[in-house]
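Chemist: File follows, work-v5.txt with compact mmCIF, N, CA and C atoms:
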```
# COMPACT_ATOMS: atom_id res chain seq x y z
N MET A 1 14.45 -28.54 -24.02
CA MET A 1 14.38 -27.64 -22.88
C MET A 1 14.99 -28.34 -21.67
N SER A 2 15.87 -27.68 -20.99
CA SER A 2 16.51 -28.28 -19.83
C SER A 2 15.60 -28.21 -18.61
N ALA A 3 15.92 -29.04 -17.63
CA ALA A 3 15.15 -29.04 -16.39
C ALA A 3 15.27 -27.69 -15.69
N ARG A 4 16.42 -27.06 -15.89
CA ARG A 4 16.64 -25.77 -15.24
C ARG A 4 15.70 -24.70 -15.79
N SER A 5 15.53 -24.62 -17.11
CA SER A 5 14.69 -23.58 -17.68
C SER A 5 13.21 -23.86 -17.46
N SER A 6 12.83 -25.11 -17.27
CA SER A 6 11.42 -25.43 -17.06
C SER A 6 10.98 -25.14 -15.63
N SER A 7 11.91 -24.87 -14.75
CA SER A 7 11.54 -24.62 -13.35
C SER A 7 11.52 -23.14 -13.01
N LYS A 8 11.53 -22.26 -13.99
CA LYS A 8 11.47 -20.82 -13.72
C LYS A 8 10.12 -20.47 -13.14
N ILE A 9 10.15 -19.56 -12.19
CA ILE A 9 8.93 -19.11 -11.53
C ILE A 9 8.73 -17.63 -11.85
N ALA A 10 7.53 -17.28 -12.30
CA ALA A 10 7.22 -15.89 -12.58
C ALA A 10 6.87 -15.20 -11.27
N ILE A 11 7.48 -14.06 -11.04
CA ILE A 11 7.20 -13.27 -9.84
C ILE A 11 6.55 -11.97 -10.27
N GLU A 12 5.37 -11.71 -9.75
CA GLU A 12 4.67 -10.47 -10.05
C GLU A 12 5.05 -9.43 -9.00
N LEU A 13 5.57 -8.31 -9.45
CA LEU A 13 5.91 -7.24 -8.52
C LEU A 13 4.66 -6.49 -8.14
N VAL A 14 4.58 -6.12 -6.89
CA VAL A 14 3.44 -5.39 -6.36
C VAL A 14 3.97 -4.23 -5.55
N ILE A 15 3.30 -3.11 -5.63
CA ILE A 15 3.62 -1.97 -4.79
C ILE A 15 2.74 -2.08 -3.55
N LEU A 16 3.36 -2.09 -2.38
CA LEU A 16 2.64 -2.22 -1.12
C LEU A 16 2.77 -0.92 -0.35
N CYS A 17 1.65 -0.27 -0.08
CA CYS A 17 1.64 0.98 0.69
C CYS A 17 1.10 0.66 2.08
N CYS A 18 1.88 0.99 3.09
CA CYS A 18 1.53 0.62 4.47
C CYS A 18 1.48 1.84 5.37
N ASP A 19 0.55 1.82 6.30
CA ASP A 19 0.60 2.81 7.36
C ASP A 19 1.32 2.17 8.55
N SER A 20 1.53 2.94 9.61
CA SER A 20 2.31 2.43 10.74
C SER A 20 1.64 1.24 11.42
N SER A 21 0.31 1.18 11.41
CA SER A 21 -0.37 0.05 12.05
C SER A 21 -0.11 -1.25 11.30
N ALA A 22 0.18 -1.16 10.00
CA ALA A 22 0.53 -2.35 9.22
C ALA A 22 2.02 -2.65 9.36
N LEU A 23 2.86 -1.63 9.32
CA LEU A 23 4.31 -1.84 9.42
C LEU A 23 4.74 -2.43 10.75
N ILE A 24 4.05 -2.08 11.82
CA ILE A 24 4.43 -2.60 13.14
C ILE A 24 4.32 -4.12 13.16
N LYS A 25 3.49 -4.67 12.32
CA LYS A 25 3.32 -6.12 12.26
C LYS A 25 4.55 -6.82 11.69
N LEU A 26 5.44 -6.06 11.05
CA LEU A 26 6.71 -6.62 10.60
C LEU A 26 7.71 -6.72 11.75
N LEU A 27 7.48 -5.97 12.80
CA LEU A 27 8.41 -5.94 13.93
C LEU A 27 7.92 -6.75 15.12
N LEU A 28 6.61 -6.82 15.30
CA LEU A 28 6.03 -7.54 16.44
C LEU A 28 5.20 -8.72 15.95
N THR A 29 5.15 -9.77 16.73
CA THR A 29 4.30 -10.91 16.39
C THR A 29 2.93 -10.65 16.98
N GLU A 30 1.97 -10.41 16.11
CA GLU A 30 0.59 -10.17 16.50
C GLU A 30 -0.31 -10.59 15.36
N PRO A 31 -1.63 -10.62 15.56
CA PRO A 31 -2.51 -11.01 14.45
C PRO A 31 -2.24 -10.18 13.20
N GLY A 32 -2.06 -10.84 12.08
CA GLY A 32 -1.79 -10.17 10.81
C GLY A 32 -0.31 -10.10 10.46
N SER A 33 0.59 -10.48 11.39
CA SER A 33 2.03 -10.40 11.14
C SER A 33 2.46 -11.30 9.98
N ASP A 34 1.97 -12.54 9.96
CA ASP A 34 2.35 -13.46 8.87
C ASP A 34 1.94 -12.90 7.52
N GLN A 35 0.75 -12.35 7.45
CA GLN A 35 0.24 -11.78 6.20
C GLN A 35 1.11 -10.61 5.74
N MET A 36 1.51 -9.75 6.66
CA MET A 36 2.35 -8.61 6.31
C MET A 36 3.73 -9.07 5.84
N HIS A 37 4.30 -10.08 6.48
CA HIS A 37 5.61 -10.60 6.07
C HIS A 37 5.53 -11.13 4.64
N GLN A 38 4.48 -11.88 4.33
CA GLN A 38 4.33 -12.42 2.98
C GLN A 38 4.14 -11.31 1.95
N ALA A 39 3.34 -10.31 2.28
CA ALA A 39 3.07 -9.23 1.34
C ALA A 39 4.29 -8.35 1.10
N SER A 40 5.17 -8.24 2.09
CA SER A 40 6.30 -7.32 1.98
C SER A 40 7.52 -7.92 1.29
N ILE A 41 7.52 -9.20 1.01
CA ILE A 41 8.71 -9.86 0.45
C ILE A 41 9.16 -9.23 -0.87
N ALA A 42 8.25 -9.02 -1.81
CA ALA A 42 8.65 -8.52 -3.13
C ALA A 42 8.16 -7.11 -3.39
N ALA A 43 7.80 -6.38 -2.36
CA ALA A 43 7.23 -5.05 -2.55
C ALA A 43 8.27 -3.97 -2.30
N GLU A 44 8.30 -2.98 -3.19
CA GLU A 44 9.22 -1.86 -3.01
C GLU A 44 8.77 -0.69 -3.87
N ALA A 45 8.73 0.49 -3.30
CA ALA A 45 8.41 1.70 -4.05
C ALA A 45 8.78 2.92 -3.21
N ILE A 46 9.06 4.01 -3.90
CA ILE A 46 9.33 5.27 -3.23
C ILE A 46 8.45 6.32 -3.90
N VAL A 47 7.80 7.13 -3.09
CA VAL A 47 6.93 8.19 -3.61
C VAL A 47 7.49 9.53 -3.17
N GLU A 48 7.65 10.42 -4.11
CA GLU A 48 8.12 11.77 -3.79
C GLU A 48 6.95 12.60 -3.30
N VAL A 49 7.14 13.29 -2.18
CA VAL A 49 6.09 14.16 -1.66
C VAL A 49 6.20 15.50 -2.39
N SER A 50 5.26 15.71 -3.30
CA SER A 50 5.24 16.92 -4.12
C SER A 50 4.10 17.84 -3.65
N GLN A 51 4.06 19.03 -4.21
CA GLN A 51 2.97 19.96 -3.88
C GLN A 51 1.63 19.37 -4.27
N GLY A 52 1.57 18.71 -5.42
CA GLY A 52 0.32 18.08 -5.85
C GLY A 52 -0.15 16.99 -4.90
N LEU A 53 0.81 16.21 -4.40
CA LEU A 53 0.47 15.15 -3.45
C LEU A 53 -0.08 15.76 -2.15
N VAL A 54 0.54 16.82 -1.68
CA VAL A 54 0.08 17.48 -0.45
C VAL A 54 -1.32 18.07 -0.65
N GLU A 55 -1.57 18.65 -1.82
CA GLU A 55 -2.90 19.20 -2.10
C GLU A 55 -3.96 18.10 -2.14
N THR A 56 -3.62 16.97 -2.76
CA THR A 56 -4.54 15.83 -2.78
C THR A 56 -4.80 15.35 -1.37
N ALA A 57 -3.75 15.26 -0.56
CA ALA A 57 -3.90 14.83 0.83
C ALA A 57 -4.83 15.78 1.59
N GLY A 58 -4.72 17.06 1.33
CA GLY A 58 -5.60 18.04 1.97
C GLY A 58 -7.07 17.80 1.62
N ARG A 59 -7.32 17.46 0.37
CA ARG A 59 -8.69 17.14 -0.03
C ARG A 59 -9.18 15.86 0.65
N PHE A 60 -8.29 14.90 0.82
CA PHE A 60 -8.66 13.63 1.46
C PHE A 60 -8.97 13.81 2.94
N VAL A 61 -8.30 14.77 3.61
CA VAL A 61 -8.59 15.05 5.02
C VAL A 61 -10.06 15.38 5.18
N ASP A 62 -10.55 16.26 4.32
CA ASP A 62 -11.95 16.68 4.39
C ASP A 62 -12.91 15.61 3.86
N ALA A 63 -12.57 15.02 2.74
CA ALA A 63 -13.47 14.07 2.09
C ALA A 63 -13.70 12.80 2.91
N PHE A 64 -12.65 12.33 3.59
CA PHE A 64 -12.74 11.06 4.31
C PHE A 64 -12.60 11.19 5.83
N ALA A 65 -12.54 12.42 6.33
CA ALA A 65 -12.39 12.68 7.76
C ALA A 65 -11.17 11.94 8.33
N LEU A 66 -10.02 12.13 7.64
CA LEU A 66 -8.78 11.46 8.03
C LEU A 66 -7.86 12.41 8.79
N ARG A 67 -6.95 11.84 9.57
CA ARG A 67 -5.87 12.63 10.14
C ARG A 67 -4.94 13.05 9.00
N ARG A 68 -4.24 14.15 9.17
CA ARG A 68 -3.41 14.68 8.08
C ARG A 68 -2.36 13.68 7.61
N TYR A 69 -1.67 13.04 8.54
CA TYR A 69 -0.62 12.11 8.14
C TYR A 69 -1.21 10.92 7.40
N ASP A 70 -2.35 10.42 7.85
CA ASP A 70 -3.02 9.32 7.16
C ASP A 70 -3.41 9.73 5.74
N SER A 71 -3.85 10.96 5.58
CA SER A 71 -4.26 11.41 4.25
C SER A 71 -3.07 11.51 3.29
N VAL A 72 -1.87 11.82 3.81
CA VAL A 72 -0.67 11.85 2.96
C VAL A 72 -0.35 10.43 2.49
N GLN A 73 -0.45 9.45 3.41
CA GLN A 73 -0.22 8.06 3.01
C GLN A 73 -1.22 7.61 1.95
N LEU A 74 -2.48 7.97 2.15
CA LEU A 74 -3.52 7.59 1.19
C LEU A 74 -3.30 8.28 -0.15
N ALA A 75 -2.93 9.55 -0.13
CA ALA A 75 -2.67 10.27 -1.38
C ALA A 75 -1.50 9.66 -2.13
N ALA A 76 -0.46 9.25 -1.42
CA ALA A 76 0.68 8.60 -2.06
C ALA A 76 0.27 7.27 -2.69
N ALA A 77 -0.50 6.48 -1.98
CA ALA A 77 -0.97 5.21 -2.51
C ALA A 77 -1.86 5.43 -3.72
N HIS A 78 -2.72 6.42 -3.64
CA HIS A 78 -3.61 6.72 -4.77
C HIS A 78 -2.81 7.18 -5.99
N GLN A 79 -1.79 8.00 -5.77
CA GLN A 79 -0.94 8.45 -6.87
C GLN A 79 -0.26 7.25 -7.53
N LEU A 80 0.25 6.33 -6.74
CA LEU A 80 0.86 5.13 -7.30
C LEU A 80 -0.16 4.30 -8.07
N HIS A 81 -1.35 4.18 -7.51
CA HIS A 81 -2.42 3.41 -8.15
C HIS A 81 -2.74 3.98 -9.54
N VAL A 82 -2.78 5.28 -9.63
CA VAL A 82 -3.12 5.93 -10.90
C VAL A 82 -1.97 5.84 -11.91
N ASN A 83 -0.73 5.94 -11.44
CA ASN A 83 0.42 6.06 -12.35
C ASN A 83 1.28 4.82 -12.52
N ALA A 84 1.20 3.86 -11.63
CA ALA A 84 2.10 2.70 -11.67
C ALA A 84 1.63 1.68 -12.70
N GLU A 85 2.60 0.95 -13.23
CA GLU A 85 2.29 -0.09 -14.19
C GLU A 85 2.05 -1.43 -13.51
N GLN A 86 2.29 -1.51 -12.22
CA GLN A 86 2.06 -2.75 -11.50
C GLN A 86 1.00 -2.53 -10.42
N PRO A 87 0.43 -3.61 -9.91
CA PRO A 87 -0.63 -3.47 -8.91
C PRO A 87 -0.15 -2.77 -7.64
N VAL A 88 -1.05 -2.03 -7.03
CA VAL A 88 -0.78 -1.36 -5.76
C VAL A 88 -1.69 -1.98 -4.71
N VAL A 89 -1.11 -2.40 -3.60
CA VAL A 89 -1.87 -2.96 -2.48
C VAL A 89 -1.68 -2.05 -1.28
N PHE A 90 -2.77 -1.68 -0.64
CA PHE A 90 -2.73 -0.78 0.51
C PHE A 90 -2.94 -1.60 1.77
N ALA A 91 -2.07 -1.40 2.76
CA ALA A 91 -2.16 -2.14 4.02
C ALA A 91 -2.33 -1.17 5.18
N SER A 92 -3.39 -1.35 5.93
CA SER A 92 -3.63 -0.55 7.12
C SER A 92 -4.55 -1.34 8.05
N HIS A 93 -4.40 -1.11 9.31
CA HIS A 93 -5.32 -1.71 10.27
C HIS A 93 -6.12 -0.62 10.96
N ASP A 94 -6.24 0.51 10.27
CA ASP A 94 -7.07 1.63 10.70
C ASP A 94 -8.35 1.58 9.86
N ARG A 95 -9.48 1.39 10.50
CA ARG A 95 -10.75 1.20 9.78
C ARG A 95 -11.09 2.35 8.84
N ARG A 96 -10.97 3.56 9.30
CA ARG A 96 -11.34 4.72 8.48
C ARG A 96 -10.42 4.85 7.26
N LEU A 97 -9.12 4.64 7.47
CA LEU A 97 -8.16 4.74 6.38
C LEU A 97 -8.38 3.62 5.36
N THR A 98 -8.66 2.42 5.83
CA THR A 98 -8.94 1.30 4.93
C THR A 98 -10.20 1.55 4.11
N GLN A 99 -11.24 2.07 4.74
CA GLN A 99 -12.48 2.37 4.01
C GLN A 99 -12.24 3.43 2.94
N ALA A 100 -11.43 4.44 3.26
CA ALA A 100 -11.13 5.48 2.28
C ALA A 100 -10.36 4.89 1.09
N ALA A 101 -9.41 4.01 1.38
CA ALA A 101 -8.64 3.35 0.31
C ALA A 101 -9.56 2.54 -0.60
N GLN A 102 -10.49 1.83 -0.01
CA GLN A 102 -11.44 1.05 -0.80
C GLN A 102 -12.31 1.95 -1.66
N LEU A 103 -12.73 3.09 -1.13
CA LEU A 103 -13.54 4.03 -1.91
C LEU A 103 -12.76 4.58 -3.11
N LEU A 104 -11.44 4.65 -2.97
CA LEU A 104 -10.59 5.11 -4.07
C LEU A 104 -10.19 3.96 -5.00
N GLN A 105 -10.81 2.81 -4.84
CA GLN A 105 -10.59 1.64 -5.69
C GLN A 105 -9.21 1.02 -5.53
N LEU A 106 -8.57 1.21 -4.37
CA LEU A 106 -7.30 0.57 -4.10
C LEU A 106 -7.54 -0.85 -3.61
N GLU A 107 -6.68 -1.77 -3.99
CA GLU A 107 -6.75 -3.11 -3.43
C GLU A 107 -6.23 -3.01 -2.00
N VAL A 108 -6.97 -3.56 -1.06
CA VAL A 108 -6.61 -3.46 0.36
C VAL A 108 -6.23 -4.84 0.87
N LEU A 109 -5.09 -4.91 1.54
CA LEU A 109 -4.66 -6.17 2.15
C LEU A 109 -5.66 -6.53 3.24
N PRO A 110 -6.27 -7.70 3.15
CA PRO A 110 -7.31 -8.06 4.14
C PRO A 110 -6.73 -8.28 5.53
```
If you convert what's in this file into structure tokens, what do you get?
Modeler:
Amino acid sequence: MSARSSSKIAIELVILCCDSSALIKLLLTEPGSDQMHQASIAAEAIVEVSQGLVETAGRFVDAFALRRYDSVQLAAAHQLHVNAEQPVVFASHDRRLTQAAQLLQLEVLP
């Protein structure tokens, strides 16, 4: 085995779902910015907004007392969590949205 092949590093892909309070930390230096930069390095996903996603978001508005836009973000993250083959991490600095994500068994970026 060559030295080159023994130095391979395994990278685990993660889906990172962020709300605007988490994304702003990528643009501004504030508490939590370093953590967001590290989490965002290997994360990438696109979620299609379908009728089913919108209906789920509507249920989340009532169930978790969320704003409509927040509930769409949560519904998208939940859909990924249920259907993705890789881990999904949810990032938000909104207390109510984070609590709802935890209730849905999503891993939440601390």
Chemist: In terms of the shortest atom-to-atom distance over only N, CA and C atoms, which of A:Val49, A:Leu74, A:Gln99, A:Gln105 is closest to Asp19 in chain A?
Modeler: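 Counting only N, CA and C atoms, the residue closest to Asp19 in chain A is A:Leu74.
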Chemist: Residues at most 8 Å from Ala65 in chain A, counting all atoms listed in the file, excluding those fewer than 5 positions away in the same chain, as an MDAnalysis selection string?
Modeler: chainID A and resid 59:60 71 96:97
Chemist: Counting only N, CA and C atoms, figure out which residue out of A:Leu109, A:His78, A:Ser40, A:Tyr69 gets nearest to Phe90 in chain A.
Modeler: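 Closest residue, counting only N, CA and C atoms: A:Leu109.
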Chemist: Could you tell me how far CA of Ala77 in chain A sits from CA of Ile15 in chain A, in Å to one decimal place?
Modeler: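 Value for the CA of Ile15 in chain A-CA of Ala77 in chain A distance: 8.8 Å.
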Chemist: Compare A:Gly32, A:Gly52, A:Glu107, A:Ile41 by their minimum atom-to-atom distance to Val89 in chain A, counting all atoms listed in the file, and give me the closest one.
Modeler: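 Smallest separation from Val89 in chain A among the options: A:Glu107.
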Chemist: Between CA of Asp70 in chain A and CA of Glu30 in chain A, what is the spacing in Å?
Modeler: 21.9 Å
Chemist: Using only C-alpha atoms, which residue out of A:Val82, A:Ala91, A:Leu104, A:Pro110 lies closest to Ser21 in chain A?
Modeler: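 Using only C-alpha atoms, the shortest distance to Ser21 in chain A belongs to A:Ala91.
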Chemist: For a test of reading the model, state the distance in Å between atom N of Leu103 in chain A and atom N of Phe64 in chain A, rounded to one decimal.
Modeler: 10.4 Å
Chemist: Run DSSP on the backbone and grab whatever in chain A lands in helix (DSSP H, G or I); send it over as an NGL selection string.
Modeler: :A and (3-6 or 20-27 or 33-40 or 51-64 or 68-83 or 95-103)
Chemist: From the DSSP assignment of the backbone, select every residue of chain A that is strand (DSSP E or B), and format the answer as a PyMOL selection string.
Modeler: chain A and resi 14-18+43+88-91+107-108
Chemist: Using only C-alpha atoms, pick whichever of A:Glu85, A:Gly58, A:Gln73, A:Lys25 has the shortest atom-to-atom distance to Ala101 in chain A.
Modeler: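 Comparing A:Glu85, A:Gly58, A:Gln73, A:Lys25 against Ala101 in chain A, the winner is A:Gln73.
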